[in-house]
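Undergrad: One structure, as C-alpha cells, below. Some questions next.
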Amino acid sequence: MRLALAATVALWSVPALAQPALASGAPSGRPPVNEGWSITVGAAPVVSPAWQGSKDYVFSIYPDLRVNYGDLFFASIPDGVGINAVNADGWRAGPIAKLRFGRDEDGRGSPFAITGSSDALIGLGDVGATAEVGAFVEKRFGARQQWRGRVETRRGFGGHEGTVGDLSLSYQARAGRTIVNVGPRATVASKDFTRTFFGIDAAQSLTSGLAPYRPKGGLVSYGLGGSLIHPLDRHSAITGFSSLERLGGVAKDSPLVIERGRALQFTAGIGYGYRF
C-alpha cells in the first residue's frame with residue numbers, strides 16, 4: 001500500500017466530526033505496505049476548535065493505531081474500519097464504519113483533550129458517541145495519478161441519527177522524499193445531523209438563553225486542507241497537517257454559532273507513526 005495521501009482532517013471533525021485532526025481522509029504518514037498484515041502505532045498533538053463552530057480552542061493528543069491487511073482491509077481511528085471491495089484502475093470503493101465521539105455541554109470536545117475548553121454549550125445537553133456506517137468511492141487520476149477524488153456517505157446510529165456526506169479532492173506532489181497533499185473538501189448532512197449539533201429546541205432555548213433554531217439539511221462546512229508527509233525510514237514517518245474551513249449556512253446561521261462561536265475554523269497538528 002502506498003504512503004497514504006489525502007488532505008487532512010477534520011480534522012473535519014474537529015469536534016463535531018469528532019476526531020479533529022484525525023478525521024476521515026487524514027494522512028496516516030505510514031510507510032508503504034504491499035501485502036500481509038501490518039500494525040502502525042503513533043500519536044498526534046492537535047490544536048482544534050473545542051466543538052465544531054467554537055471560537056475556543058483545545059489542545060489534544062490523539063493516539064493513532066492502524067491495522068491493515070495489504071490493500072484490502074484497513075482499521076484506524078481516523079479512517080474507520082473498511083474494506084476496499086473494489087480496487088482496480090485507480091478506483092477504490094467499499095463499506096466503511098466510523099466512530100464519532102460525543103460532545104459534552106461542559107465543553108470537552110473529545111476524550112483526548114489535554115487543555116482548553118468552552119462554556120458555550122452549557123444548557124444544550126450532551127451528545128453521545130455515534131457509530132456511522134456507510135460506503136465510500138474514490139478515484140485517482142492524472143498522468144501520475146496525482147489527483148484523488150473521494151465521496152463518502154454514512155448513516156449515524158446513537159448520538160445522532162442523520163446522514164453525513166464527505167466530499168474531497170486532493171493533489172499530490174513530491175519535494176525530495178516529502179509528499180505534499182492539498183485540496184478542497186466539503187461536508188453535507190441531513191436535518192437529523194444538523195439539528196443534533198446546531199439546532200436549539202424549546203427546552204434548550206430555556207436552559208441556554210439562545211433562540212430556538214430548527215435547521216434543515218444542507219452544507220455543514222467547506223474549506224481547504226493540506227499535509228506534509230516525510231518518511232524517516234522504512235518503518236516510520238512524520239506528518240504535519242492543517243485545515244481551514246468555514247461553516248455552511250445551516251451551521252453558521254445557528255444562534256449558537258452567531259452568539260457564542262465562529263464560522264471560520266482552523267485546525268493544525270503533527271503526527272508520528274511507526275509501522276511494525
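Within each chain, counting starts at residue 1; across the C-alpha cells, chains are named A, B, ... in the order shown, with ligands numbered 1 upward in that order.
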Might you pull out every residue within 6 Å of Ser243 in chain A, with only C-alpha atoms counted and same-chain residues fewer than 4 positions away left off, and present them as a list in words?

TA: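 Listed by chain and then number, they are Leu224, Gly225, Phe266 and Thr267 of chain A.
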
Undergrad: Just list the residues in range 7-197 of chain A DSSP gives alpha helix (DSSP H) on the backbone, as a list of chain:residue names.

TA: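 Alpha helix (DSSP H) members of range 7-197 of chain A, listed: A:Lys191, A:Asp192, A:Phe193, A:Thr194, A:Arg195, A:Thr196, A:Phe197.
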
Undergrad: When you count only C-alpha atoms, which of these residues is closest to Leu232 in chain A: A:Gly217, A:Gly273, A:Gly159, A:Gly134?

TA: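 Closest to Leu232 in chain A, using only C-alpha atoms: A:Gly273.
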
Undergrad: Please provide the set of residues having any atom within 10 Å of Gly183 in chain A, restricted to only C-alpha atoms, with same-chain residues fewer than 5 positions apart removed, written as a PDB file with N, CA, C and O atoms, in the first residue's frame.

TA:
ATOM      1  N   ALA A   6      -3.855  12.308   1.128  1.00  0.00           N
ATOM      2  CA  ALA A   6      -5.158  12.763   1.460  1.00  0.00           C
ATOM      3  C   ALA A   6      -5.005  14.080   2.122  1.00  0.00           C
ATOM      4  O   ALA A   6      -3.987  14.358   2.636  1.00  0.00           O
ATOM      5  N   ALA A   7      -5.953  14.856   2.034  1.00  0.00           N
ATOM      6  CA  ALA A   7      -5.931  16.082   2.757  1.00  0.00           C
ATOM      7  C   ALA A   7      -6.411  15.780   4.139  1.00  0.00           C
ATOM      8  O   ALA A   7      -7.120  14.866   4.343  1.00  0.00           O
ATOM      9  N   THR A   8      -6.077  16.534   5.057  1.00  0.00           N
ATOM     10  CA  THR A   8      -6.359  16.174   6.411  1.00  0.00           C
ATOM     11  C   THR A   8      -7.794  16.227   6.807  1.00  0.00           C
ATOM     12  O   THR A   8      -8.569  16.778   6.147  1.00  0.00           O
ATOM     13  N   TRP A 147      -3.985  13.141  -8.705  1.00  0.00           N
ATOM     14  CA  TRP A 147      -5.258  13.650  -8.192  1.00  0.00           C
ATOM     15  C   TRP A 147      -6.059  12.516  -7.550  1.00  0.00           C
ATOM     16  O   TRP A 147      -6.017  11.380  -8.016  1.00  0.00           O
ATOM     17  N   ARG A 148      -6.789  12.857  -6.513  1.00  0.00           N
ATOM     18  CA  ARG A 148      -7.679  11.875  -5.896  1.00  0.00           C
ATOM     19  C   ARG A 148      -8.988  12.536  -5.510  1.00  0.00           C
ATOM     20  O   ARG A 148      -9.012  13.522  -4.774  1.00  0.00           O
ATOM     21  N   GLY A 149     -10.085  11.996  -6.017  1.00  0.00           N
ATOM     22  CA  GLY A 149     -11.410  12.459  -5.626  1.00  0.00           C
ATOM     23  C   GLY A 149     -12.078  11.386  -4.779  1.00  0.00           C
ATOM     24  O   GLY A 149     -11.927  10.189  -5.067  1.00  0.00           O
ATOM     25  N   SER A 168     -14.181  15.229  -1.164  1.00  0.00           N
ATOM     26  CA  SER A 168     -12.859  15.851  -1.156  1.00  0.00           C
ATOM     27  C   SER A 168     -12.143  15.625  -2.482  1.00  0.00           C
ATOM     28  O   SER A 168     -12.426  14.666  -3.214  1.00  0.00           O
ATOM     29  N   LEU A 169     -11.229  16.526  -2.765  1.00  0.00           N
ATOM     30  CA  LEU A 169     -10.355  16.427  -3.932  1.00  0.00           C
ATOM     31  C   LEU A 169      -8.967  16.839  -3.473  1.00  0.00           C
ATOM     32  O   LEU A 169      -8.803  17.878  -2.835  1.00  0.00           O
ATOM     33  N   SER A 170      -7.963  16.020  -3.761  1.00  0.00           N
ATOM     34  CA  SER A 170      -6.611  16.352  -3.315  1.00  0.00           C
ATOM     35  C   SER A 170      -5.602  16.176  -4.442  1.00  0.00           C
ATOM     36  O   SER A 170      -5.787  15.349  -5.337  1.00  0.00           O
ATOM     37  N   TYR A 171      -4.562  16.973  -4.378  1.00  0.00           N
ATOM     38  CA  TYR A 171      -3.474  16.917  -5.343  1.00  0.00           C
ATOM     39  C   TYR A 171      -2.199  16.565  -4.599  1.00  0.00           C
ATOM     40  O   TYR A 171      -1.898  17.140  -3.545  1.00  0.00           O
ATOM     41  N   GLN A 172      -1.434  15.637  -5.159  1.00  0.00           N
ATOM     42  CA  GLN A 172      -0.202  15.185  -4.516  1.00  0.00           C
ATOM     43  C   GLN A 172       1.021  15.580  -5.329  1.00  0.00           C
ATOM     44  O   GLN A 172       1.039  15.455  -6.563  1.00  0.00           O
ATOM     45  N   GLY A 223     -13.939  23.887   2.833  1.00  0.00           N
ATOM     46  CA  GLY A 223     -12.648  24.512   3.076  1.00  0.00           C
ATOM     47  C   GLY A 223     -11.512  23.830   2.348  1.00  0.00           C
ATOM     48  O   GLY A 223     -11.712  23.135   1.350  1.00  0.00           O
ATOM     49  N   LEU A 224     -10.315  24.028   2.890  1.00  0.00           N
ATOM     50  CA  LEU A 224      -9.092  23.553   2.253  1.00  0.00           C
ATOM     51  C   LEU A 224      -8.221  22.883   3.309  1.00  0.00           C
ATOM     52  O   LEU A 224      -8.101  23.374   4.434  1.00  0.00           O
ATOM     53  N   GLY A 225      -7.625  21.761   2.937  1.00  0.00           N
ATOM     54  CA  GLY A 225      -6.737  21.064   3.856  1.00  0.00           C
ATOM     55  C   GLY A 225      -5.446  20.682   3.181  1.00  0.00           C
ATOM     56  O   GLY A 225      -5.375  20.576   1.946  1.00  0.00           O
ATOM     57  N   GLY A 226      -4.405  20.470   3.964  1.00  0.00           N
ATOM     58  CA  GLY A 226      -3.122  20.090   3.385  1.00  0.00           C
ATOM     59  C   GLY A 226      -2.297  19.277   4.359  1.00  0.00           C
ATOM     60  O   GLY A 226      -2.540  19.286   5.564  1.00  0.00           O
ATOM     61  N   SER A 227      -1.309  18.559   3.827  1.00  0.00           N
ATOM     62  CA  SER A 227      -0.436  17.757   4.681  1.00  0.00           C
ATOM     63  C   SER A 227       0.947  17.643   4.061  1.00  0.00           C
ATOM     64  O   SER A 227       1.122  17.754   2.841  1.00  0.00           O
ATOM     65  N   SER A 243      -5.942  22.489   8.371  1.00  0.00           N
ATOM     66  CA  SER A 243      -7.127  22.743   7.546  1.00  0.00           C
ATOM     67  C   SER A 243      -7.738  24.073   7.959  1.00  0.00           C
ATOM     68  O   SER A 243      -7.651  24.491   9.117  1.00  0.00           O
TER      69      SER A 243
END

Undergrad: What does the structure give for the distance between CA of Lys252 in chain A and CA of Asp201 in chain A, in Å to one decimal?

TA: 16.7 Å

Undergrad: CA of Asp253 in chain A to CA of Asp166 in chain A: how many Å, to one decimal?

TA: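 Separation between CA of Asp253 in chain A and CA of Asp166 in chain A: 20.5 Å.
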
Undergrad: What does the structure give for the distance between CA of Ala173 in chain A and CA of Ser242 in chain A, in Å to one decimal?

TA: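 Separation between CA of Ala173 in chain A and CA of Ser242 in chain A: 16.6 Å.
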
Undergrad: Do you know which residues are at most 8 Å from Ile200 in chain A counting only C-alpha atoms, after dropping those on the same chain fewer than 5 positions away, and could you put them as a count of residues only?

TA: 8

Undergrad: Could I get the residues of range 107-193 of chain A with an atom no further than 6 Å from an atom of range 87-101 of chain A, each paired with its nearest atom pair and that distance in Å to one decimal, using only C-alpha atoms, sorted by chain and residue number, as JSON lines?

TA:
{"residue": "A:Ala129", "atom": "CA", "partner": "A:Phe101", "partner_atom": "CA", "distance": 4.6}
{"residue": "A:Thr130", "atom": "CA", "partner": "A:Arg100", "partner_atom": "CA", "distance": 5.1}
{"residue": "A:Ala131", "atom": "CA", "partner": "A:Leu99", "partner_atom": "CA", "distance": 4.8}
{"residue": "A:Glu132", "atom": "CA", "partner": "A:Lys98", "partner_atom": "CA", "distance": 5.1}
{"residue": "A:Val133", "atom": "CA", "partner": "A:Ala97", "partner_atom": "CA", "distance": 4.3}
{"residue": "A:Gly134", "atom": "CA", "partner": "A:Ile96", "partner_atom": "CA", "distance": 5.4}
{"residue": "A:Ala135", "atom": "CA", "partner": "A:Pro95", "partner_atom": "CA", "distance": 4.2}
{"residue": "A:Phe136", "atom": "CA", "partner": "A:Ala93", "partner_atom": "CA", "distance": 5.4}
{"residue": "A:Val137", "atom": "CA", "partner": "A:Ala93", "partner_atom": "CA", "distance": 4.3}
{"residue": "A:Glu138", "atom": "CA", "partner": "A:Arg92", "partner_atom": "CA", "distance": 5.3}
{"residue": "A:Lys139", "atom": "CA", "partner": "A:Trp91", "partner_atom": "CA", "distance": 4.6}
{"residue": "A:Arg140", "atom": "CA", "partner": "A:Gly90", "partner_atom": "CA", "distance": 4.9}

Undergrad: Counting only C-alpha atoms, figure out which residue out of A:Leu206, A:Val151, A:Val182, A:Leu121 gets nearest to Glu259 in chain A.

TA: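 Closest to Glu259 in chain A, using only C-alpha atoms: A:Leu121.
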
Undergrad: Which of these, A:Ala143, A:Val67, A:Val127, A:Ile114, has the shortest distance to Val47 in chain A once you count only C-alpha atoms?

TA: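 Using only C-alpha atoms, Val47 in chain A sits closest to A:Ile114.
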
Undergrad: List every residue of range 125-264 of chain A that DSSP, applied to the backbone of this structure, assigns to strand (DSSP E or B), and report them as an MDAnalysis selection string.

TA: chainID A and resid 127 130:141 147:158 163:175 178:189 200 213 218:231 236:247 261 264

Undergrad: Using only C-alpha atoms for the distances, tell me which of A:Tyr57, A:Gly199, A:Ala43, A:Gln52 is nearest to Ile77 in chain A.

TA: A:Ala43

Undergrad: I'd like the neighbourhood of Gly269 in chain A as a PyMOL selection string, where a residue qualifies if any of its atoms comes within 9 Å (using only C-alpha atoms), though same-chain residues fewer than 5 positions away should be ignored.

TA: chain A and resi 21+44-48+239-242
